[in-house]
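> I have a structure I would like to understand better, so I am pasting it below and will then ask my questions one at a time.
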Amino acid sequence: MTRFLTLCFSFLLIISAQVRAEKLIVGVDSWPPFRFVTPDNVWGIDHELWNTLSERMGFEVEYLRCPWKRCLKMMENGQIDAMSGLAWREERALYITYTSPNYYSCSTQLYLQHGNSRRVEKHRDLHTMTVGMVGGSAYYEAFDKDTTILKKSVTQE
């Protein structure tokens, strides 16, 4: 697939009194190398960025582990203060303030089981497959809006 989707991987801070709070609750799920999440620890690129921000801005980071889709819902409901590694979507921008500039951009990648003889050359090729996707994630607009693709929602990549 040659079409690239620039993901707005940006740290999301709600520009309000919450930023000045002593503690910022950050929703996290595992997405290596950006976020490695275990029951006892969080590390990776995003963790290092949160550490830098917290040191410079004077707040403590508390991670709340949740599946991606639940983290998004908690962001919308105000149960967490921030997330990182989100693609910009109009519907999310109603309840999320995205920072600029982005700290990373990437493209959507599709993976087939090793030895599978099928190829994905055009979007329509996905109509003959069951496609695994992280619930609540944004991939590329045509895929996100295509209700005829059989999509299997999972909590982690």
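Residue numbering restarts at 1 in every chain; chains get A, B, ... in the order shown in the structure tokens, and ligands count up from 1 in that same order.
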Write out as a ChimeraX atom specification each polymer residue whose atoms come within 6 Å of segment 127-134 of chain A, counting only C-alpha atoms; drop sequence neighbours fewer than 2 positions from it.
/A:124-125,137,149-156
> Take the selection from the previous step and output its residues with all heavy atoms, as a CSV table (one decimal), in the first residue's frame.

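Output file out_25.csv is given in full below:
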chain,number,residue,atom,x,y,z
A,124,ARG,N,-9.2,-2.0,-2.2
A,124,ARG,CA,-10.3,-3.0,-2.5
A,124,ARG,C,-9.8,-4.4,-2.2
A,124,ARG,O,-10.7,-5.3,-1.9
A,124,ARG,CB,-10.8,-2.9,-3.9
A,124,ARG,CG,-9.8,-3.3,-5.0
A,124,ARG,CD,-10.5,-3.3,-6.4
A,124,ARG,NE,-9.5,-3.5,-7.4
A,124,ARG,CZ,-9.0,-2.6,-8.2
A,124,ARG,NH1,-9.4,-1.3,-8.1
A,124,ARG,NH2,-8.0,-2.9,-9.0
A,125,ASP,N,-8.5,-4.7,-2.2
A,125,ASP,CA,-8.0,-6.0,-1.9
A,125,ASP,C,-8.4,-6.4,-0.4
A,125,ASP,O,-8.4,-7.6,-0.1
A,125,ASP,CB,-6.5,-6.1,-2.1
A,125,ASP,CG,-6.1,-5.9,-3.5
A,125,ASP,OD1,-6.9,-6.1,-4.4
A,125,ASP,OD2,-5.0,-5.5,-3.7
A,137,SER,N,-8.5,2.8,17.0
A,137,SER,CA,-7.4,3.4,16.3
A,137,SER,C,-7.8,4.0,15.0
A,137,SER,O,-8.8,3.6,14.4
A,137,SER,CB,-6.3,2.3,16.1
A,137,SER,OG,-5.6,2.1,17.2
A,149,ILE,N,-15.4,-3.7,4.9
A,149,ILE,CA,-14.2,-4.6,5.3
A,149,ILE,C,-14.6,-5.3,6.6
A,149,ILE,O,-15.1,-4.7,7.5
A,149,ILE,CB,-13.0,-3.7,5.4
A,149,ILE,CG1,-12.6,-3.0,4.1
A,149,ILE,CG2,-11.8,-4.6,5.9
A,149,ILE,CD1,-11.5,-2.1,4.2
A,150,LEU,N,-14.3,-6.6,6.6
A,150,LEU,CA,-14.5,-7.4,7.8
A,150,LEU,C,-13.3,-7.1,8.8
A,150,LEU,O,-12.2,-7.5,8.5
A,150,LEU,CB,-14.6,-8.8,7.5
A,150,LEU,CG,-14.8,-9.8,8.7
A,150,LEU,CD1,-16.1,-9.4,9.5
A,150,LEU,CD2,-14.9,-11.2,8.2
A,151,LYS,N,-13.6,-6.3,9.8
A,151,LYS,CA,-12.6,-5.9,10.8
A,151,LYS,C,-12.7,-6.6,12.1
A,151,LYS,O,-13.8,-6.6,12.6
A,151,LYS,CB,-12.7,-4.3,11.0
A,151,LYS,CG,-12.5,-3.5,9.7
A,151,LYS,CD,-12.7,-2.1,9.9
A,151,LYS,CE,-12.7,-1.3,8.6
A,151,LYS,NZ,-13.1,0.1,8.8
A,152,LYS,N,-11.6,-7.1,12.6
A,152,LYS,CA,-11.6,-7.8,13.9
A,152,LYS,C,-10.9,-6.9,14.9
A,152,LYS,O,-9.7,-6.6,14.7
A,152,LYS,CB,-10.9,-9.1,13.8
A,152,LYS,CG,-10.7,-9.8,15.1
A,152,LYS,CD,-11.5,-11.1,15.1
A,152,LYS,CE,-11.1,-11.8,16.4
A,152,LYS,NZ,-12.2,-12.2,17.1
A,153,SER,N,-11.7,-6.4,15.8
A,153,SER,CA,-11.1,-5.5,16.8
A,153,SER,C,-10.3,-6.2,17.9
A,153,SER,O,-10.8,-7.2,18.4
A,153,SER,CB,-12.3,-4.7,17.5
A,153,SER,OG,-11.7,-3.7,18.4
A,154,VAL,N,-9.1,-5.8,18.2
A,154,VAL,CA,-8.3,-6.3,19.2
A,154,VAL,C,-7.8,-5.2,20.1
A,154,VAL,O,-7.9,-4.0,19.8
A,154,VAL,CB,-7.1,-7.1,18.6
A,154,VAL,CG1,-7.5,-8.3,17.8
A,154,VAL,CG2,-6.2,-6.2,17.8
A,155,THR,N,-7.3,-5.5,21.3
A,155,THR,CA,-6.9,-4.5,22.2
A,155,THR,C,-5.5,-4.1,22.0
A,155,THR,O,-5.1,-3.0,22.4
A,155,THR,CB,-7.1,-5.0,23.7
A,155,THR,OG1,-6.3,-6.1,23.9
A,155,THR,CG2,-8.5,-5.2,24.0
A,156,GLN,N,-4.7,-4.9,21.4
A,156,GLN,CA,-3.2,-4.6,21.2
A,156,GLN,C,-2.8,-5.0,19.8
A,156,GLN,O,-3.4,-6.0,19.2
A,156,GLN,CB,-2.4,-5.3,22.2
A,156,GLN,CG,-2.7,-5.0,23.6
A,156,GLN,CD,-1.7,-4.1,24.3
A,156,GLN,OE1,-0.5,-4.3,24.0
A,156,GLN,NE2,-2.1,-3.2,25.1
> Name all residues at most 8 Å from segment 32-48 of chain A (count only C-alpha atoms; drop same-chain ones fewer than 6 positions away) and give them as a PyMOL selection string.
chain A and resi 63+65+84-85
> Write the residues of the selection above to a file with N, CA and C atoms, as a JSON list (two decimals), in the first residue's frame.

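Below you can see selection-v4.json, which holds the result:
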[["chain", "number", "residue", "atom", "x", "y", "z"],
["A", 63, "TYR", "N", 0.57, 7.13, 35.25],
["A", 63, "TYR", "CA", 0.06, 6.37, 34.11],
["A", 63, "TYR", "C", -1.14, 5.53, 34.52],
["A", 65, "ARG", "N", -3.17, 2.44, 32.92],
["A", 65, "ARG", "CA", -3.15, 1.46, 31.85],
["A", 65, "ARG", "C", -4.58, 1.12, 31.43],
["A", 84, "SER", "N", -0.69, 10.13, 24.48],
["A", 84, "SER", "CA", 0.28, 10.45, 23.43],
["A", 84, "SER", "C", 0.14, 9.40, 22.33],
["A", 85, "GLY", "N", 0.63, 9.75, 21.14],
["A", 85, "GLY", "CA", 0.62, 8.81, 20.03],
["A", 85, "GLY", "C", -0.71, 8.68, 19.32]]
> Kindly assemble as a Markdown table a list of the segment 85-155 of chain A residues that lie within 10 Å of segment 72-76 of chain A, each paired with its nearest atom pair and their distance in Å to one decimal, using only C-alpha atoms, sorted first by chain and then by ascending residue number.

| residue | atom | partner | partner_atom | distance |
| --- | --- | --- | --- | --- |
| A:Leu86 | CA | A:Leu72 | CA | 9.5 |
| A:Arg92 | CA | A:Glu76 | CA | 8.1 |
| A:Ala93 | CA | A:Glu76 | CA | 9.9 |
| A:Leu94 | CA | A:Glu76 | CA | 8.6 |
| A:Tyr95 | CA | A:Glu76 | CA | 5.6 |
| A:Ile96 | CA | A:Glu76 | CA | 7.5 |
| A:Gly136 | CA | A:Leu72 | CA | 7.4 |
| A:Ser137 | CA | A:Leu72 | CA | 9.2 |
> So that I have them on file, write out the residues from the current selection with N, CA, C and O atoms, as a CSV table (one decimal), in the first residue's frame.

chain,number,residue,atom,x,y,z
A,86,LEU,N,-1.4,9.8,19.2
A,86,LEU,CA,-2.7,9.7,18.6
A,86,LEU,C,-2.7,10.4,17.2
A,86,LEU,O,-2.1,11.4,17.0
A,92,ARG,N,-12.2,13.4,17.2
A,92,ARG,CA,-11.4,13.5,18.5
A,92,ARG,C,-11.1,14.9,18.9
A,92,ARG,O,-10.9,15.2,20.1
A,93,ALA,N,-10.9,15.8,17.9
A,93,ALA,CA,-10.5,17.2,18.1
A,93,ALA,C,-11.6,17.9,18.9
A,93,ALA,O,-11.4,19.0,19.4
A,94,LEU,N,-12.8,17.3,19.0
A,94,LEU,CA,-13.9,17.9,19.8
A,94,LEU,C,-13.6,17.9,21.2
A,94,LEU,O,-14.1,18.7,22.0
A,95,TYR,N,-12.8,16.9,21.7
A,95,TYR,CA,-12.5,16.7,23.1
A,95,TYR,C,-11.0,16.6,23.4
A,95,TYR,O,-10.7,16.5,24.6
A,96,ILE,N,-10.2,16.7,22.4
A,96,ILE,CA,-8.7,16.7,22.6
A,96,ILE,C,-8.1,17.9,22.0
A,96,ILE,O,-8.4,18.3,20.9
A,136,GLY,N,-10.6,1.5,18.2
A,136,GLY,CA,-10.5,2.9,18.4
A,136,GLY,C,-9.4,3.6,17.7
A,136,GLY,O,-9.3,4.8,17.7
A,137,SER,N,-8.5,2.8,17.0
A,137,SER,CA,-7.4,3.4,16.3
A,137,SER,C,-7.8,4.0,15.0
A,137,SER,O,-8.8,3.6,14.4
> I'd like the interatomic distance between atom CA of Trp88 of chain A and atom CA of Leu49 of chain A, to a tenth of an Å.
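According to the coordinates, atom CA of Trp88 of chain A and atom CA of Leu49 of chain A are separated by 19.0 Å.
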> Tell me, in Å to one decimal, how far atom CA of Asn77 of chain A is from atom CA of Leu64 of chain A.
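Between atom CA of Asn77 of chain A and atom CA of Leu64 of chain A the gap is 14.5 Å.
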> So how far away is atom CA of Gln79 of chain A from atom CA of Glu60 of chain A, in Å?
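Atom-to-atom, atom CA of Glu60 of chain A and atom CA of Gln79 of chain A are spaced 16.6 Å apart.
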> Of the candidates A:Thr99, A:Gln113, A:Ser107, A:Ser30, which shows the shortest atom-to-atom distance to Cys71 of chain A, using only C-alpha atoms?
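Result for the nearest residue to Cys71 of chain A: A:Ser30.
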> If you run DSSP over the backbone, which residues in segment 63-137 of chain A end up strand (DSSP E or B)? Put them as a list in words.
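Secondary structure check on segment 63-137 of chain A, strand (DSSP E or B): Tyr63, Leu64, Arg65, Ala82, Tyr98, Tyr104, Thr130, Val131, Gly132, Met133 and Val134 of chain A.
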> DSSP on the backbone: what in segment 7-153 of chain A comes out helix (DSSP H, G or I), as a ChimeraX atom specification?
/A:17-20,45-57,68-77,92-94,123-128,141-145
